[in-house]
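Enquirer: Got a structure for you, questions after.
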Amino acid sequence: MSLFFHIVPHFIRCALFILIVPLLGTGCAILEEKDETADWTGEQFLAAGHSQMAAGDWPAAITTYQKMQGRYPYGRNAEQAHLDMAYAYFKNDEPALTVAATNRFIQMHPTHPNVDYAFYLKGLALFEPPDSLIDTLTGKNPANHDISPVREAFVAYRELVSRFPESRYAPDARKRLVYIINVLAVHEVDVAHYYYALGANVAAVNRARLVLETYRNSPAVEHALGIMIKAYARMGLVDLQADTLRVLTLNYPDSEHLN
């Protein structure tokens with residue numbers, strides 16, 4: 001120490017002293033900071049999370065529930081926090097995290113009284129239909145996009161209505177299933193039309209037939225029949241073309257595909 005003070009000039013020693021003292025003060029301040037939630041009970045965490053969600057502060061609610069899960073991972077309060085956090089993720093426009101949270105809840109608590117809500121929330125996060133009805137095949141519709149989340153939503157809603165038919169969420173889930181079935185059917189018709197445009201007639205017919213077999217109550221059946229008629233005609237399969245035309249005429253007498 002004596003050697004340092006002999007070598008370093010006086011003004012440098014003063015500068016170092018000025019720099020070090022504030023840093024020491026800052027360090028003490030940091031050490032004195034305390035987590036206000038350190039002594040919270042599970043009930044306090046839940047109450048705070050509910051208040052934050054009521055105020056629309058979704059990020060704060062998520063942070064609160066994450067802290068709670070770290071300290072109180074088990075019990076009824078923890079289960080409720082898990083569901084609340086999934087909802088906060090959904091409202092914070094984080095569908096992937098919503099799905100992950102609901103999946104964990106379903107796996108960990110398959111017999112929970114509110115597991116039906118987990119299925120419902122999962123479906124909402126996977127696919128939220130637009131306000132308008134499905135447009136025509138040449139217009140904008142959800143089937144033009146990645147269809148895998150829609151299929152997953154279908155599975156979630158189907159599980160909900162089959163396992164919990166009396167659930168308060170079941171009526172809305174059934175309505176959403178009808179819409180999703182139409183979306184999936186339109187998607188298959190789009191694929192069939194794509195194959196037909198490529199000249200892959202057999203593939204076009206097979207994809208269109210899938211609509212008839214799987215989504216028989218969907219309006220997309222009309223368009224699937226139209227593609228099959230054109231594909232059979234192109235392949236020279238006159239009898240199959242005539243049979244399909246007869247079905248189309250019987251069920252859709254005003255179809256655009258009859259012109």
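All residue names refer to the structure tokens as shown: chains lettered A, B, ... in order, residues numbered from 1 in each chain, ligands numbered from 1 in order.
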Could you give me, as a list in words, the residues within 10 Å of A:Tyr157, counting only C-alpha atoms and dropping anything in the same chain fewer than 3 positions from it?
Expert: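 Counting only the stated atoms, we get Asp116, Phe119, Tyr120, Leu121, Lys122, Gly123, Leu124, Glu152, Ala153, Phe154, Leu160, Val161, Ser162, Arg163, Tyr169, Ala170, Asp172, Ala173, Arg174, Lys175, Arg176, Leu177 and Ile180 of chain A.
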Enquirer: Write the residues of the selection above to a file with N, CA and C atoms, as a JSON list (two decimals), in the first residue's frame.
Expert:
```
[["chain", "number", "residue", "atom", "x", "y", "z"],
["A", 116, "ASP", "N", -61.93, -28.49, -18.23],
["A", 116, "ASP", "CA", -62.68, -28.17, -19.45],
["A", 116, "ASP", "C", -62.31, -26.77, -19.95],
["A", 119, "PHE", "N", -59.07, -26.87, -21.93],
["A", 119, "PHE", "CA", -59.28, -27.28, -23.33],
["A", 119, "PHE", "C", -59.84, -26.12, -24.15],
["A", 120, "TYR", "N", -60.79, -25.41, -23.58],
["A", 120, "TYR", "CA", -61.42, -24.30, -24.29],
["A", 120, "TYR", "C", -60.42, -23.18, -24.58],
["A", 121, "LEU", "N", -59.64, -22.82, -23.58],
["A", 121, "LEU", "CA", -58.63, -21.76, -23.75],
["A", 121, "LEU", "C", -57.57, -22.18, -24.76],
["A", 122, "LYS", "N", -57.20, -23.44, -24.75],
["A", 122, "LYS", "CA", -56.25, -23.95, -25.73],
["A", 122, "LYS", "C", -56.79, -23.78, -27.14],
["A", 123, "GLY", "N", -58.05, -24.14, -27.34],
["A", 123, "GLY", "CA", -58.66, -23.97, -28.65],
["A", 123, "GLY", "C", -58.68, -22.52, -29.10],
["A", 124, "LEU", "N", -59.01, -21.61, -28.18],
["A", 124, "LEU", "CA", -59.02, -20.19, -28.51],
["A", 124, "LEU", "C", -57.65, -19.70, -28.94],
["A", 152, "GLU", "N", -55.30, -28.66, -34.56],
["A", 152, "GLU", "CA", -55.11, -28.81, -33.12],
["A", 152, "GLU", "C", -56.28, -28.22, -32.34],
["A", 153, "ALA", "N", -56.79, -27.09, -32.81],
["A", 153, "ALA", "CA", -57.96, -26.50, -32.16],
["A", 153, "ALA", "C", -59.16, -27.43, -32.28],
["A", 154, "PHE", "N", -59.31, -28.06, -33.43],
["A", 154, "PHE", "CA", -60.39, -29.03, -33.64],
["A", 154, "PHE", "C", -60.31, -30.15, -32.61],
["A", 160, "LEU", "N", -63.18, -31.44, -25.61],
["A", 160, "LEU", "CA", -64.01, -30.73, -24.64],
["A", 160, "LEU", "C", -65.46, -31.19, -24.71],
["A", 161, "VAL", "N", -66.04, -31.19, -25.91],
["A", 161, "VAL", "CA", -67.47, -31.51, -26.02],
["A", 161, "VAL", "C", -67.75, -32.99, -25.80],
["A", 162, "SER", "N", -66.76, -33.85, -26.08],
["A", 162, "SER", "CA", -66.99, -35.28, -25.88],
["A", 162, "SER", "C", -66.82, -35.68, -24.42],
["A", 163, "ARG", "N", -65.83, -35.08, -23.74],
["A", 163, "ARG", "CA", -65.58, -35.43, -22.34],
["A", 163, "ARG", "C", -66.45, -34.65, -21.37],
["A", 169, "TYR", "N", -68.66, -24.26, -21.38],
["A", 169, "TYR", "CA", -67.94, -23.87, -22.59],
["A", 169, "TYR", "C", -68.31, -24.74, -23.79],
["A", 170, "ALA", "N", -69.05, -25.81, -23.57],
["A", 170, "ALA", "CA", -69.38, -26.75, -24.64],
["A", 170, "ALA", "C", -70.22, -26.13, -25.76],
["A", 172, "ASP", "N", -70.36, -23.07, -26.99],
["A", 172, "ASP", "CA", -69.52, -22.25, -27.88],
["A", 172, "ASP", "C", -68.51, -23.11, -28.61],
["A", 173, "ALA", "N", -67.99, -24.13, -27.92],
["A", 173, "ALA", "CA", -67.04, -25.03, -28.56],
["A", 173, "ALA", "C", -67.69, -25.75, -29.75],
["A", 174, "ARG", "N", -68.95, -26.14, -29.62],
["A", 174, "ARG", "CA", -69.65, -26.80, -30.73],
["A", 174, "ARG", "C", -69.78, -25.87, -31.93],
["A", 175, "LYS", "N", -70.10, -24.60, -31.67],
["A", 175, "LYS", "CA", -70.20, -23.63, -32.77],
["A", 175, "LYS", "C", -68.85, -23.46, -33.46],
["A", 176, "ARG", "N", -67.81, -23.41, -32.67],
["A", 176, "ARG", "CA", -66.48, -23.25, -33.24],
["A", 176, "ARG", "C", -66.06, -24.49, -34.02],
["A", 177, "LEU", "N", -66.50, -25.66, -33.58],
["A", 177, "LEU", "CA", -66.21, -26.89, -34.32],
["A", 177, "LEU", "C", -66.82, -26.86, -35.71],
["A", 180, "ILE", "N", -64.68, -24.65, -37.79],
["A", 180, "ILE", "CA", -63.38, -25.28, -38.06],
["A", 180, "ILE", "C", -63.53, -26.37, -39.10]]
```
Enquirer: Taking 2 positions as the minimum chain separation for residues in the same chain, which residues sit within 10 Å of A:Ala118 when counting only C-alpha atoms? Answer as a ChimeraX atom specification.
Expert: /A:82-83,86-87,98-99,101-106,110,112,114-116,120-124,156,160
Enquirer: Restricting it to N, CA and C atoms, dump the selection as a PDB file, in the first residue's frame.
Expert:
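Final output, selection_29.pdb:
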```pdb
ATOM      1  N   HIS A  82     -51.989 -21.443 -12.172  1.00  0.00           N
ATOM      2  CA  HIS A  82     -51.603 -22.019 -13.467  1.00  0.00           C
ATOM      3  C   HIS A  82     -52.621 -21.643 -14.545  1.00  0.00           C
ATOM      4  N   LEU A  83     -53.894 -21.801 -14.225  1.00  0.00           N
ATOM      5  CA  LEU A  83     -54.937 -21.434 -15.183  1.00  0.00           C
ATOM      6  C   LEU A  83     -54.964 -19.926 -15.433  1.00  0.00           C
ATOM      7  N   ALA A  86     -52.205 -18.929 -17.739  1.00  0.00           N
ATOM      8  CA  ALA A  86     -52.510 -19.290 -19.124  1.00  0.00           C
ATOM      9  C   ALA A  86     -53.424 -18.246 -19.759  1.00  0.00           C
ATOM     10  N   TYR A  87     -54.408 -17.779 -18.989  1.00  0.00           N
ATOM     11  CA  TYR A  87     -55.309 -16.751 -19.503  1.00  0.00           C
ATOM     12  C   TYR A  87     -54.571 -15.426 -19.721  1.00  0.00           C
ATOM     13  N   THR A  98     -49.626 -19.764 -24.244  1.00  0.00           N
ATOM     14  CA  THR A  98     -50.952 -20.179 -23.764  1.00  0.00           C
ATOM     15  C   THR A  98     -51.157 -21.668 -23.984  1.00  0.00           C
ATOM     16  N   VAL A  99     -50.841 -22.128 -25.180  1.00  0.00           N
ATOM     17  CA  VAL A  99     -50.998 -23.551 -25.501  1.00  0.00           C
ATOM     18  C   VAL A  99     -50.098 -24.402 -24.614  1.00  0.00           C
ATOM     19  N   ALA A 101     -48.976 -23.695 -21.630  1.00  0.00           N
ATOM     20  CA  ALA A 101     -49.488 -23.676 -20.258  1.00  0.00           C
ATOM     21  C   ALA A 101     -50.726 -24.557 -20.103  1.00  0.00           C
ATOM     22  N   THR A 102     -51.632 -24.489 -21.069  1.00  0.00           N
ATOM     23  CA  THR A 102     -52.834 -25.322 -20.986  1.00  0.00           C
ATOM     24  C   THR A 102     -52.489 -26.801 -21.150  1.00  0.00           C
ATOM     25  N   ASN A 103     -51.537 -27.103 -22.011  1.00  0.00           N
ATOM     26  CA  ASN A 103     -51.116 -28.501 -22.168  1.00  0.00           C
ATOM     27  C   ASN A 103     -50.560 -29.052 -20.861  1.00  0.00           C
ATOM     28  N   ARG A 104     -49.723 -28.251 -20.203  1.00  0.00           N
ATOM     29  CA  ARG A 104     -49.164 -28.700 -18.916  1.00  0.00           C
ATOM     30  C   ARG A 104     -50.263 -28.912 -17.890  1.00  0.00           C
ATOM     31  N   PHE A 105     -51.219 -28.003 -17.861  1.00  0.00           N
ATOM     32  CA  PHE A 105     -52.307 -28.141 -16.887  1.00  0.00           C
ATOM     33  C   PHE A 105     -53.115 -29.410 -17.156  1.00  0.00           C
ATOM     34  N   ILE A 106     -53.431 -29.658 -18.421  1.00  0.00           N
ATOM     35  CA  ILE A 106     -54.216 -30.850 -18.782  1.00  0.00           C
ATOM     36  C   ILE A 106     -53.464 -32.120 -18.413  1.00  0.00           C
ATOM     37  N   PRO A 110     -55.585 -33.908 -15.056  1.00  0.00           N
ATOM     38  CA  PRO A 110     -56.613 -34.379 -16.010  1.00  0.00           C
ATOM     39  C   PRO A 110     -58.014 -34.478 -15.438  1.00  0.00           C
ATOM     40  N   HIS A 112     -59.130 -32.321 -12.957  1.00  0.00           N
ATOM     41  CA  HIS A 112     -59.424 -31.061 -12.267  1.00  0.00           C
ATOM     42  C   HIS A 112     -60.815 -30.565 -12.664  1.00  0.00           C
ATOM     43  N   ASN A 114     -61.826 -27.753 -13.425  1.00  0.00           N
ATOM     44  CA  ASN A 114     -61.781 -26.721 -14.466  1.00  0.00           C
ATOM     45  C   ASN A 114     -60.924 -27.112 -15.667  1.00  0.00           C
ATOM     46  N   VAL A 115     -60.674 -28.399 -15.819  1.00  0.00           N
ATOM     47  CA  VAL A 115     -59.852 -28.811 -16.960  1.00  0.00           C
ATOM     48  C   VAL A 115     -60.587 -28.555 -18.280  1.00  0.00           C
ATOM     49  N   ASP A 116     -61.926 -28.494 -18.231  1.00  0.00           N
ATOM     50  CA  ASP A 116     -62.676 -28.167 -19.453  1.00  0.00           C
ATOM     51  C   ASP A 116     -62.315 -26.769 -19.951  1.00  0.00           C
ATOM     52  N   TYR A 120     -60.790 -25.411 -23.578  1.00  0.00           N
ATOM     53  CA  TYR A 120     -61.425 -24.297 -24.285  1.00  0.00           C
ATOM     54  C   TYR A 120     -60.421 -23.183 -24.577  1.00  0.00           C
ATOM     55  N   LEU A 121     -59.635 -22.816 -23.579  1.00  0.00           N
ATOM     56  CA  LEU A 121     -58.635 -21.763 -23.755  1.00  0.00           C
ATOM     57  C   LEU A 121     -57.573 -22.180 -24.763  1.00  0.00           C
ATOM     58  N   LYS A 122     -57.202 -23.438 -24.752  1.00  0.00           N
ATOM     59  CA  LYS A 122     -56.246 -23.945 -25.734  1.00  0.00           C
ATOM     60  C   LYS A 122     -56.792 -23.775 -27.143  1.00  0.00           C
ATOM     61  N   GLY A 123     -58.055 -24.138 -27.339  1.00  0.00           N
ATOM     62  CA  GLY A 123     -58.665 -23.969 -28.651  1.00  0.00           C
ATOM     63  C   GLY A 123     -58.685 -22.524 -29.095  1.00  0.00           C
ATOM     64  N   LEU A 124     -59.008 -21.608 -28.177  1.00  0.00           N
ATOM     65  CA  LEU A 124     -59.023 -20.185 -28.510  1.00  0.00           C
ATOM     66  C   LEU A 124     -57.646 -19.699 -28.936  1.00  0.00           C
ATOM     67  N   ALA A 156     -58.838 -30.061 -29.664  1.00  0.00           N
ATOM     68  CA  ALA A 156     -59.104 -29.532 -28.324  1.00  0.00           C
ATOM     69  C   ALA A 156     -60.603 -29.367 -28.083  1.00  0.00           C
ATOM     70  N   LEU A 160     -63.177 -31.437 -25.610  1.00  0.00           N
ATOM     71  CA  LEU A 160     -64.008 -30.727 -24.635  1.00  0.00           C
ATOM     72  C   LEU A 160     -65.461 -31.188 -24.710  1.00  0.00           C
TER      73      LEU A 160
END
```
Enquirer: Using DSSP on the backbone coordinates, identify the residues of stretch 27-188 of chain A assigned to helix (DSSP H, G or I); present them as a VMD selection string.
Expert: chain A and resid 27 to 32 42 to 54 58 to 71 76 to 91 95 to 108 115 to 126 142 to 144 148 to 163 170 to 188
Enquirer: Could you state the separation of atom CA of A:Ala60 and atom CA of A:Gln107 in Å, given to one decimal place?
Expert: 26.0 Å
Enquirer: Taking only C-alpha atoms into account, which of A:Ala55, A:Ser255, A:Met68, A:Arg168 comes nearest A:Ala38?
Expert: A:Met68
Enquirer: Using Å and a single decimal, report how far atom CA of A:Val155 sits from atom CA of A:Phe90.
Expert: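 Those two atoms sit 18.7 Å apart.
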Enquirer: Quick one: residues within 12 Å of A:Pro59, only C-alpha atoms, excluding same-chain residues fewer than 5 positions away - as a list of chain:residue names?
Expert: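 My reading of the contact set: A:Gly49, A:Gln52, A:Met53, A:Thr64, A:Tyr65, A:Gln66, A:Met85, A:Ala86, A:Tyr87, A:Ala88, A:Tyr89, A:Phe90, A:Lys91, A:Asn92, A:Asp93, A:Glu94.
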Enquirer: Could you write out that same residue set with N, CA and C atoms as a PDB file, in the first residue's frame?
Expert:
```
ATOM      1  N   GLY A  49     -52.322 -11.093  -8.420  1.00  0.00           N
ATOM      2  CA  GLY A  49     -52.486 -11.458  -9.829  1.00  0.00           C
ATOM      3  C   GLY A  49     -53.860 -11.085 -10.356  1.00  0.00           C
ATOM      4  N   GLN A  52     -54.034  -7.348 -10.898  1.00  0.00           N
ATOM      5  CA  GLN A  52     -53.289  -6.952 -12.092  1.00  0.00           C
ATOM      6  C   GLN A  52     -54.052  -7.314 -13.366  1.00  0.00           C
ATOM      7  N   MET A  53     -54.705  -8.468 -13.362  1.00  0.00           N
ATOM      8  CA  MET A  53     -55.487  -8.842 -14.538  1.00  0.00           C
ATOM      9  C   MET A  53     -56.708  -7.945 -14.684  1.00  0.00           C
ATOM     10  N   THR A  64     -46.202 -12.211 -11.595  1.00  0.00           N
ATOM     11  CA  THR A  64     -46.692 -12.586 -10.261  1.00  0.00           C
ATOM     12  C   THR A  64     -46.963 -14.084 -10.180  1.00  0.00           C
ATOM     13  N   TYR A  65     -47.621 -14.616 -11.189  1.00  0.00           N
ATOM     14  CA  TYR A  65     -47.940 -16.054 -11.162  1.00  0.00           C
ATOM     15  C   TYR A  65     -46.682 -16.911 -11.312  1.00  0.00           C
ATOM     16  N   GLN A  66     -45.714 -16.438 -12.076  1.00  0.00           N
ATOM     17  CA  GLN A  66     -44.463 -17.180 -12.199  1.00  0.00           C
ATOM     18  C   GLN A  66     -43.738 -17.253 -10.861  1.00  0.00           C
ATOM     19  N   MET A  85     -52.517 -17.840 -15.208  1.00  0.00           N
ATOM     20  CA  MET A  85     -51.362 -17.448 -16.006  1.00  0.00           C
ATOM     21  C   MET A  85     -51.583 -17.790 -17.477  1.00  0.00           C
ATOM     22  N   ALA A  86     -52.205 -18.929 -17.739  1.00  0.00           N
ATOM     23  CA  ALA A  86     -52.510 -19.290 -19.124  1.00  0.00           C
ATOM     24  C   ALA A  86     -53.424 -18.246 -19.759  1.00  0.00           C
ATOM     25  N   TYR A  87     -54.408 -17.779 -18.989  1.00  0.00           N
ATOM     26  CA  TYR A  87     -55.309 -16.751 -19.503  1.00  0.00           C
ATOM     27  C   TYR A  87     -54.571 -15.426 -19.721  1.00  0.00           C
ATOM     28  N   ALA A  88     -53.667 -15.100 -18.813  1.00  0.00           N
ATOM     29  CA  ALA A  88     -52.878 -13.874 -18.962  1.00  0.00           C
ATOM     30  C   ALA A  88     -52.007 -13.952 -20.216  1.00  0.00           C
ATOM     31  N   TYR A  89     -51.440 -15.109 -20.476  1.00  0.00           N
ATOM     32  CA  TYR A  89     -50.670 -15.293 -21.719  1.00  0.00           C
ATOM     33  C   TYR A  89     -51.570 -15.038 -22.932  1.00  0.00           C
ATOM     34  N   PHE A  90     -52.771 -15.574 -22.875  1.00  0.00           N
ATOM     35  CA  PHE A  90     -53.708 -15.412 -23.991  1.00  0.00           C
ATOM     36  C   PHE A  90     -54.046 -13.943 -24.217  1.00  0.00           C
ATOM     37  N   LYS A  91     -54.356 -13.231 -23.158  1.00  0.00           N
ATOM     38  CA  LYS A  91     -54.695 -11.814 -23.280  1.00  0.00           C
ATOM     39  C   LYS A  91     -53.487 -10.968 -23.661  1.00  0.00           C
ATOM     40  N   ASN A  92     -52.303 -11.459 -23.362  1.00  0.00           N
ATOM     41  CA  ASN A  92     -51.074 -10.739 -23.716  1.00  0.00           C
ATOM     42  C   ASN A  92     -50.602 -11.083 -25.123  1.00  0.00           C
ATOM     43  N   ASP A  93     -51.474 -11.769 -25.874  1.00  0.00           N
ATOM     44  CA  ASP A  93     -51.192 -12.139 -27.267  1.00  0.00           C
ATOM     45  C   ASP A  93     -49.950 -13.007 -27.379  1.00  0.00           C
ATOM     46  N   GLU A  94     -49.899 -14.051 -26.560  1.00  0.00           N
ATOM     47  CA  GLU A  94     -48.810 -15.028 -26.603  1.00  0.00           C
ATOM     48  C   GLU A  94     -49.422 -16.424 -26.741  1.00  0.00           C
TER      49      GLU A  94
END
```
Enquirer: Between A:Leu212, A:Ala81, A:Val202, A:Val221, which has the minimum distance to A:Ala233 (counting only C-alpha atoms)?
Expert: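 When distances to A:Ala233 are compared using only C-alpha atoms, the smallest one comes from A:Val202.
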Enquirer: Identify, on the basis of only C-alpha atoms, every residue whose closest approach to A:Thr214 does not exceed 12 Å; exclude the query and any residue fewer than 6 positions from it along the same chain; express the result as a ChimeraX atom specification.
Expert: /A:181-182,184-186,188,207-208,220-221,224
Enquirer: Have a look at atom CA of A:Val189 and atom CA of A:Glu213 and let me know their distance in Å, one decimal.
Expert: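 Atom CA of A:Glu213 lies 12.6 Å from atom CA of A:Val189.
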